[in-house]
Amino acid sequence: MNLPAIISIYKFEMARWGRTFLQSLVSPVIATSLYFVVFGAAIGSRITEIEGVPYGAFIVPGLIMLTLLTQSVANASFGIYFPRFTGTIYEHLSAPISPVEIVVGYVGAAATKSIILGLIILATAALFVPLQIDHPVWMAGFLVLTAVTFSLLGFVIGIWADGFEQLQLVPLLIITPLTFLGGTFYSLNVLPPVWQTVSLFNPVVYLVSGFRWSFYGTSDVSIEVSLVMIGLFLAICLGAVWWIFKTGYRLKS
Amino acid sequence: MPPIISVKDLSKTYGTGLSALKDINLDINKGEIFALLGPNGAGKTTLISIICGIVTPSSGSVTVGGHDIVTGYRAARSMIGLVPQELTADMFETVWTTVSFSRGLFGKWPNPVYIEKILKDLTLWDKKDSKLMTLSGGMKRRVLIAKALSHEPSILFLDEPTAGVDVELRKEMWQVVRDLRDSGVTIILTTHYIREAEDMADRIGVINKGELILVEDKHELMHKLGQKQLTLQLHEAIDTIPAELGSHDLKLGNGGSELVYTYDSQGPRTGITHLLTDLSQAGIRFKDLDTSQSSLEDIFVDLVRRDR
């Protein structure tokens, strides 16, 4: 194993994150804090408890997931797209490094960044609403698994994208809507039956539901189903990455 | 001694149908400077890219230090440093960071002393904390060389390393290349400055339309293919070459005041004595003479033209 290479990529990506501190760290924290103020304090005060949880606290897992998903995708996609854009990808391709090591470096760094952000948002939320975490180990597990899975998705998008517009396309047009419609701000039980069924086709529902269960012990779908769905999505992303390196898609001619 | 790079029956056809390389067979010897010459689009960069692992070959095989570039890619690539043709760099990074990153990528643990030595050798030490975007083109080119050398490779590929580099810097860079060769590094370079290949290379390969049309020791190549010319400055200009001199390969030059005789210096007879006798008999007198040899550029242009 080329450990120095993995560490180099990881450190390089983390250093880049540090250089864009305002954009990478402060901006998402402020954005999420605004959600707490608007939905939690302003609107939330007029909404009764959902499944025994105050509305402000109810939306915390969903908001963390929202940040986790968007930041994992954004960080990983930009991380691998930028060397392609500048042409420095030639170094990765000519280095004695395996595809797995490249993925571990980039996805590891992207997942680390989004997990740190998720934890900061969790700490920020504690300032606004009373929090409880019934299953901290499961919470950490969901956090890591989701960050890794969506960082893998971001890596795939970063390879697929042919320009900055395409890089933004999937997060903006797919990830964000799916997250907003994935039970971030509401329980599926408040929807009409038809929309409850439609929602089950949204993979984010399972992430938010499972993550919320680790906080409050209540969920829209069973924890087992959530785990299976995350595992399935992880397998699909791993398969896509494997195919990219096997075929050299957008990397090698 | 076995070759350090061995290319066997290598072909590459891109998805567009372009046949970039056709059955290339080439051995590179350890410690030599090998210059790969060819017009634009001849396949030089494709060949280098395949050896370095950037492009996938359609058929054939390549070994580097005895390691197959596919099955033994780690060992093969660890030996290679590549300076690409394009000035591709992480513009927001500092010189130190980007060179250190390259070292790690190639599986070497940090060695600040070695990185410092490279940067000093390439007169980049003063710029170690500068972002690449602030550097001149020549400086960026040197940074690419520093990156390629960061993991102490035993083979260095230089793809058009002096493109866009001013004369002084170019000389400095070639000195670095000579020093590397002296330290045992094998160097494969492509260049459009054929004079540089003539000065630097031990062996020359000429590639055209994806085919390797010649591989030869530089001196032997110039010896074999180099034509000499004898220029006679005449006392009195002439309009046409007299018929009695028709058996000689003569051309009029400089408005009829010069006769240029082309001959093969390695042939059994140069024909000079015969020519001088015939000139005397024709009553043509000359006041001075001069000989010159074809440059590598002449040879290259001639080879490529013949291959069309």
# chains A, B, ... in the order shown; residues from 1 in each chain; ligands from 1
>>> residues_around(residues="Leu153 in chain A", least_positions_apart="2", cutoff="9 Å", atoms="only C-alpha atoms", output="ChimeraX atom specification")
/A:72-73,76-77,148-151,155-158,234,237-238,240-241
>>> interface_residues(of="chain B", to="chain A", cutoff="8 Å", atoms="only C-alpha atoms", output="list in words")
Tyr14, Gly15, Cys52, Gly53, Ile54, Val55, Thr56, Tyr73, Arg74, Ala75, Ala76, Arg77, Ser78, Thr88, Ala89, Asp90, Phe101, Ser102, Gly104, Leu105, Phe106, Gly107, Lys108 and Trp109 of chain B
>>> closest_residue(among="A:Leu200, A:Asp162, A:Gln71, A:Leu25", to="Ile120 in chain A", atoms="only C-alpha atoms")
A:Leu25
>>> select_by_dssp(residues="range 126-229 of chain A", states="helix (DSSP H, G or I)", output="ChimeraX atom specification")
/A:126-128,136-160,164-180,188-190,193-199,203-216,223-229
>>> atom_distance(atom1="CA of Leu296 in chain B", atom2="CA of Leu221 in chain B")
8.5 Å
>>> residues_around(residues="range 59-71 of chain B", least_positions_apart="2", cutoff="10 Å", atoms="only C-alpha atoms", output="ChimeraX atom specification")
/B:2-13,21-28,30,50-53,56-57,73-80,154-155
>>> atom_distance(atom1="CA of Leu143 in chain A", atom2="CA of Ile115 in chain A")
6.7 Å
>>> atom_distance(atom1="CA of Arg103 in chain B", atom2="CA of Val143 in chain B")
12.8 Å
>>> residues_around(residues="Ile133 in chain A", least_positions_apart="4", cutoff="8 Å", atoms="only C-alpha atoms", output="number ranges by chain")
A: 139, 214-216
>>> decode(residues="range 248-260 of chain B", atoms="all heavy atoms", output="compact mmCIF listing (two decimals), in the first residue's frame")
# COMPACT_ATOMS: atom_id res chain seq x y z
N HIS B 248 29.04 16.41 -61.96
CA HIS B 248 29.17 16.68 -60.52
C HIS B 248 27.85 17.25 -59.97
O HIS B 248 27.13 17.93 -60.70
CB HIS B 248 30.30 17.70 -60.27
CG HIS B 248 31.64 17.24 -60.79
ND1 HIS B 248 32.39 16.28 -60.18
CD2 HIS B 248 32.33 17.61 -61.91
CE1 HIS B 248 33.50 16.08 -60.86
NE2 HIS B 248 33.49 16.87 -61.94
N ASP B 249 27.60 16.97 -58.68
CA ASP B 249 26.38 17.47 -58.03
C ASP B 249 26.61 18.93 -57.63
O ASP B 249 26.93 19.23 -56.48
CB ASP B 249 26.05 16.59 -56.81
CG ASP B 249 24.75 17.00 -56.14
OD1 ASP B 249 24.04 17.88 -56.69
OD2 ASP B 249 24.44 16.46 -55.07
N LEU B 250 26.46 19.81 -58.59
CA LEU B 250 26.78 21.23 -58.37
C LEU B 250 25.53 22.11 -58.44
O LEU B 250 24.59 21.82 -59.19
CB LEU B 250 27.77 21.71 -59.43
CG LEU B 250 29.23 21.31 -59.26
CD1 LEU B 250 30.02 21.67 -60.51
CD2 LEU B 250 29.86 21.96 -58.03
N LYS B 251 25.56 23.17 -57.64
CA LYS B 251 24.50 24.18 -57.74
C LYS B 251 25.15 25.54 -57.69
O LYS B 251 26.19 25.73 -57.05
CB LYS B 251 23.54 24.06 -56.56
CG LYS B 251 22.51 22.96 -56.75
CD LYS B 251 21.53 22.90 -55.60
CE LYS B 251 20.62 21.69 -55.76
NZ LYS B 251 20.19 21.15 -54.51
N LEU B 252 24.54 26.47 -58.40
CA LEU B 252 25.03 27.85 -58.35
C LEU B 252 24.42 28.55 -57.14
O LEU B 252 23.25 28.35 -56.83
CB LEU B 252 24.63 28.61 -59.61
CG LEU B 252 25.58 28.52 -60.81
CD1 LEU B 252 24.98 29.30 -61.98
CD2 LEU B 252 26.97 29.06 -60.49
N GLY B 253 25.21 29.35 -56.48
CA GLY B 253 24.68 30.08 -55.33
C GLY B 253 25.15 31.52 -55.34
O GLY B 253 26.07 31.89 -56.08
N ASN B 254 24.48 32.31 -54.52
CA ASN B 254 24.87 33.72 -54.32
C ASN B 254 25.01 34.49 -55.63
O ASN B 254 26.04 35.14 -55.87
CB ASN B 254 26.17 33.76 -53.49
CG ASN B 254 26.33 35.09 -52.76
OD1 ASN B 254 25.36 35.84 -52.64
ND2 ASN B 254 27.52 35.37 -52.30
N GLY B 255 24.00 34.36 -56.47
CA GLY B 255 23.98 35.10 -57.73
C GLY B 255 25.04 34.67 -58.73
O GLY B 255 25.47 35.48 -59.58
N GLY B 256 25.46 33.44 -58.64
CA GLY B 256 26.43 32.91 -59.60
C GLY B 256 27.87 33.07 -59.14
O GLY B 256 28.79 32.63 -59.84
N SER B 257 28.07 33.66 -57.96
CA SER B 257 29.45 33.85 -57.51
C SER B 257 29.95 32.68 -56.67
O SER B 257 31.10 32.64 -56.25
CB SER B 257 29.57 35.15 -56.70
OG SER B 257 28.79 35.05 -55.54
N GLU B 258 29.04 31.71 -56.43
CA GLU B 258 29.45 30.53 -55.64
C GLU B 258 29.02 29.26 -56.34
O GLU B 258 27.94 29.19 -56.94
CB GLU B 258 28.81 30.56 -54.25
CG GLU B 258 29.45 31.53 -53.29
CD GLU B 258 28.78 31.50 -51.92
OE1 GLU B 258 27.81 30.73 -51.72
OE2 GLU B 258 29.20 32.28 -51.06
N LEU B 259 29.86 28.24 -56.23
CA LEU B 259 29.49 26.90 -56.69
C LEU B 259 29.41 26.02 -55.44
O LEU B 259 30.36 25.98 -54.64
CB LEU B 259 30.56 26.34 -57.62
CG LEU B 259 30.37 26.53 -59.12
CD1 LEU B 259 31.55 25.92 -59.87
CD2 LEU B 259 29.07 25.90 -59.63
N VAL B 260 28.27 25.35 -55.28
CA VAL B 260 28.10 24.51 -54.09
C VAL B 260 28.10 23.05 -54.54
O VAL B 260 27.26 22.63 -55.35
CB VAL B 260 26.79 24.85 -53.36
CG1 VAL B 260 26.64 23.98 -52.12
CG2 VAL B 260 26.75 26.33 -53.00
